[in-house]
$ cat upload-v3.cif   # mmCIF, C-alpha atoms
data_model
loop_
_atom_site.label_atom_id
_atom_site.label_comp_id
_atom_site.auth_asym_id
_atom_site.auth_seq_id
_atom_site.Cartn_x
_atom_site.Cartn_y
_atom_site.Cartn_z
CA MET A 1 22.37 3.89 -30.32
CA LYS A 2 18.73 5.01 -30.33
CA SER A 3 17.48 1.42 -30.57
CA ILE A 4 19.34 0.54 -27.37
CA ALA A 5 18.19 3.64 -25.46
CA ILE A 6 14.49 2.96 -25.96
CA PRO A 7 14.52 -0.53 -24.39
CA ILE A 8 16.58 0.77 -21.46
CA VAL A 9 14.05 3.55 -20.81
CA LEU A 10 11.20 1.00 -21.00
CA LEU A 11 13.05 -1.28 -18.59
CA PHE A 12 13.37 1.50 -16.00
CA ALA A 13 9.73 2.55 -16.41
CA THR A 14 8.55 -1.05 -15.96
CA ALA A 15 10.74 -1.53 -12.89
CA SER A 16 9.32 1.62 -11.30
CA MET A 17 5.71 0.58 -11.91
CA GLY A 18 6.31 -2.92 -10.55
CA ASP A 19 7.94 -1.54 -7.40
CA GLU A 20 4.73 0.18 -6.28
CA LEU A 21 2.98 -3.20 -6.05
CA ARG A 22 5.84 -4.95 -4.27
CA PRO A 23 5.22 -5.68 -0.59
CA HIS A 24 7.66 -3.78 1.62
CA TYR A 25 6.72 -4.56 5.21
CA ALA A 26 6.59 -7.80 7.19
CA ARG A 27 3.24 -8.67 8.76
CA ALA A 28 4.43 -7.96 12.32
CA ALA A 29 5.67 -4.47 11.35
CA VAL A 30 2.20 -3.12 10.48
CA GLN A 31 0.02 -4.73 13.16
CA PRO A 32 -2.63 -4.13 14.27
CA VAL A 33 -4.60 -3.91 11.02
CA THR A 34 -8.32 -3.16 11.23
CA VAL A 35 -10.86 -2.99 8.42
CA GLN A 36 -14.27 -1.37 8.42
CA LYS A 37 -16.95 -1.14 5.71
CA LEU A 38 -17.77 2.46 4.78
CA PRO A 39 -20.70 3.89 2.82
CA ASN A 40 -20.35 4.58 -0.90
CA ASN A 41 -18.65 1.27 -1.76
CA GLU A 42 -15.46 1.82 0.23
CA ILE A 43 -13.57 0.16 3.04
CA SER A 44 -11.28 1.74 5.60
CA ILE A 45 -7.99 0.02 6.40
CA ARG A 46 -6.11 1.24 9.47
CA TYR A 47 -2.58 -0.02 10.11
CA HIS A 48 0.52 0.70 12.17
CA VAL A 49 3.17 2.76 10.38
CA PHE A 50 6.55 1.14 10.99
CA PRO A 51 8.89 3.86 12.33
CA GLU A 52 11.98 4.30 10.17
CA SER A 53 14.46 7.15 9.87
CA ASN A 54 14.60 7.31 6.04
CA HIS A 55 11.20 5.87 5.01
CA TYR A 56 7.53 6.04 5.96
CA SER A 57 4.17 4.84 4.72
CA SER A 58 1.71 7.39 3.40
CA GLY A 59 -0.78 4.93 1.98
CA VAL A 60 -1.38 1.77 0.00
CA ASN A 61 -1.43 0.46 -3.54
CA TYR A 62 -4.01 -2.09 -4.63
CA GLU A 63 -4.88 -4.30 -7.56
CA LYS A 64 -8.06 -6.19 -8.41
CA ILE A 65 -7.38 -9.73 -9.60
CA GLY A 66 -10.59 -11.59 -10.38
CA ASN A 67 -12.72 -11.50 -7.23
CA MET A 68 -9.75 -10.56 -5.03
CA LEU A 69 -8.43 -7.12 -4.12
CA GLN A 70 -4.72 -7.29 -3.26
CA VAL A 71 -3.48 -4.44 -1.05
CA ARG A 72 0.16 -3.57 -0.36
CA ILE A 73 1.33 -0.95 2.11
CA ASP A 74 3.50 1.57 0.28
CA ARG A 75 6.93 2.64 1.50
CA CYS A 76 8.15 6.14 0.69
CA ARG A 77 11.60 7.67 1.05
CA VAL A 78 11.63 10.81 3.19
CA GLY A 79 12.02 13.92 1.05
CA GLU A 80 11.08 12.25 -2.26
CA LYS A 81 7.82 12.33 -4.19
CA CYS A 82 5.50 9.54 -3.12
CA ALA A 83 2.13 8.84 -4.69
CA PRO A 84 0.39 5.73 -3.37
CA MET A 85 -2.95 4.92 -4.98
CA ALA A 86 -4.77 5.60 -1.68
CA LYS A 87 -3.15 8.14 0.65
CA THR A 88 -3.70 8.13 4.40
CA VAL A 89 -6.63 10.27 5.54
CA ILE A 90 -5.21 10.96 9.01
CA PRO A 91 -1.99 12.77 9.97
CA LEU A 92 0.83 10.71 11.44
CA ASP A 93 0.92 11.31 15.20
CA GLU A 94 2.20 9.59 18.34
CA LYS A 95 -0.07 6.57 17.63
CA TRP A 96 1.90 5.80 14.43
CA GLU A 97 -1.23 4.81 12.51
CA ALA A 98 -2.40 5.37 8.96
CA GLU A 99 -5.92 5.01 7.58
CA VAL A 100 -6.78 4.64 3.91
CA HIS A 101 -10.10 4.41 2.11
CA ILE A 102 -10.23 2.21 -0.98
CA PRO A 103 -13.01 1.20 -3.38
CA TYR A 104 -14.82 -2.00 -2.45
CA HIS A 105 -17.28 -4.01 -4.53
CA GLY A 106 -17.58 -7.30 -2.66
CA GLU A 107 -14.11 -8.69 -3.34
CA THR A 108 -12.05 -10.71 -0.89
CA VAL A 109 -9.47 -8.22 0.39
CA VAL A 110 -5.98 -9.63 0.87
CA LEU A 111 -3.19 -7.65 2.53
CA VAL A 112 0.11 -8.75 1.01
CA HIS A 113 3.14 -8.49 3.29
CA ALA A 114 6.80 -9.18 2.53
CA ASP A 115 6.53 -12.45 4.48
CA SER A 116 2.85 -13.51 4.19
CA GLN A 117 -0.66 -12.71 2.98
CA ASP A 118 -3.76 -12.18 5.12
CA VAL A 119 -7.41 -12.09 4.14
CA ILE A 120 -8.53 -8.95 5.96
CA TYR A 121 -12.08 -8.53 4.62
CA PRO A 122 -14.80 -9.82 4.70
#

$ encode --input "upload-v3.cif" --output "structure tokens"
Amino acid sequence: MKSIAIPIVLLFATASMGDELRPHYARAAVQPVTVQKLPNNEISIRYHVFPESNHYSSGVNYEKIGNMLQVRIDRCRVGEKCAPMAKTVIPLDEKWEAEVHIPYHGETVVLVHADSQDVIYP
């Protein structure tokens, strides 16, 4: 029984880690998206938070692949622990915007949506 339990635990752990890099929102749901270079090797990404009753976005997850930085807007369930790699630096208000700061070292930054991908910087 122990030999079966270990692979099942590993399967659930892998599924959870992969979910954080899965795109959740369609392109139109998070527009407008603006990007600005910041000092100290960072960029700021500001995006619209899609209003939902049971979910919200509190930040983004990202992954460097070669000379590309893939960014995905995270989707959190209300009332549950949510830990995106870069959390929003502004409180959610009537503008329904989030802003994250992520490390930047000259890569092409691609925002991955559920229905498309956009090069957003440079």

$ closest_residue --input "upload-v3.cif" --among "A:His55, A:Lys87, A:Lys37, A:Arg72" --to "His113 (chain A)" --atoms "only C-alpha atoms"
A:Arg72

$ atom_distance --input "upload-v3.cif" --atom1 "CA of Pro84 (chain A)" --atom2 "CA of Gln70 (chain A)"
14.0 Å

$ closest_atom_pairs --input "upload-v3.cif" --of "region 72-106 of chain A" --to "region 44-48 of chain A" --cutoff "10 Å" --atoms "all atoms listed in the file" --output "Markdown table"
| residue | atom | partner | partner_atom | distance |
| --- | --- | --- | --- | --- |
| A:Ile73 | CA | A:Tyr47 | CA | 9.0 |
| A:Thr88 | CA | A:Arg46 | CA | 8.9 |
| A:Val89 | CA | A:Ser44 | CA | 9.7 |
| A:Ile90 | CA | A:Arg46 | CA | 9.8 |
| A:Lys95 | CA | A:His48 | CA | 8.0 |
| A:Trp96 | CA | A:His48 | CA | 5.7 |
| A:Glu97 | CA | A:His48 | CA | 4.5 |
| A:Ala98 | CA | A:Tyr47 | CA | 5.5 |
| A:Glu99 | CA | A:Arg46 | CA | 4.2 |
| A:Val100 | CA | A:Ile45 | CA | 5.4 |
| A:His101 | CA | A:Ser44 | CA | 4.5 |
| A:Ile102 | CA | A:Ser44 | CA | 6.7 |
| A:Pro103 | CA | A:Ser44 | CA | 9.2 |
| A:Tyr104 | CA | A:Ser44 | CA | 9.6 |

$ resolve_selection --input "upload-v3.cif" --expression "the PyMOL selection byres ((chain A and resi 52) around 12)" --output "count of residues only"
15

$ closest_residue --input "upload-v3.cif" --among "A:Met68, A:Ile43, A:Ala28, A:Met85" --to "Ser116 (chain A)" --atoms "all atoms listed in the file"
A:Ala28

$ residues_around --input "upload-v3.cif" --residues "Gly66 (chain A)" --least-positions-apart "6" --cutoff "12 Å" --atoms "only C-alpha atoms" --output "PyMOL selection string"
chain A and resi 105-109

$ residues_near_point --input "upload-v3.cif" --point "(-1.0, -6.9, 0.3)" --cutoff "10 Å" --atoms "only C-alpha atoms" --output "VMD selection string"
chain A and resid 21 to 25 27 60 to 63 69 to 74 109 to 114 116 to 120

$ atom_distance --input "upload-v3.cif" --atom1 "CA of Asp93 (chain A)" --atom2 "CA of Val33 (chain A)"
16.7 Å

$ closest_residue --input "upload-v3.cif" --among "A:Thr34, A:Pro122, A:Asn41, A:Ala86" --to "Gly59 (chain A)" --atoms "only C-alpha atoms"
A:Ala86

$ atom_distance --input "upload-v3.cif" --atom1 "CA of Tyr121 (chain A)" --atom2 "CA of Asn40 (chain A)"
16.5 Å
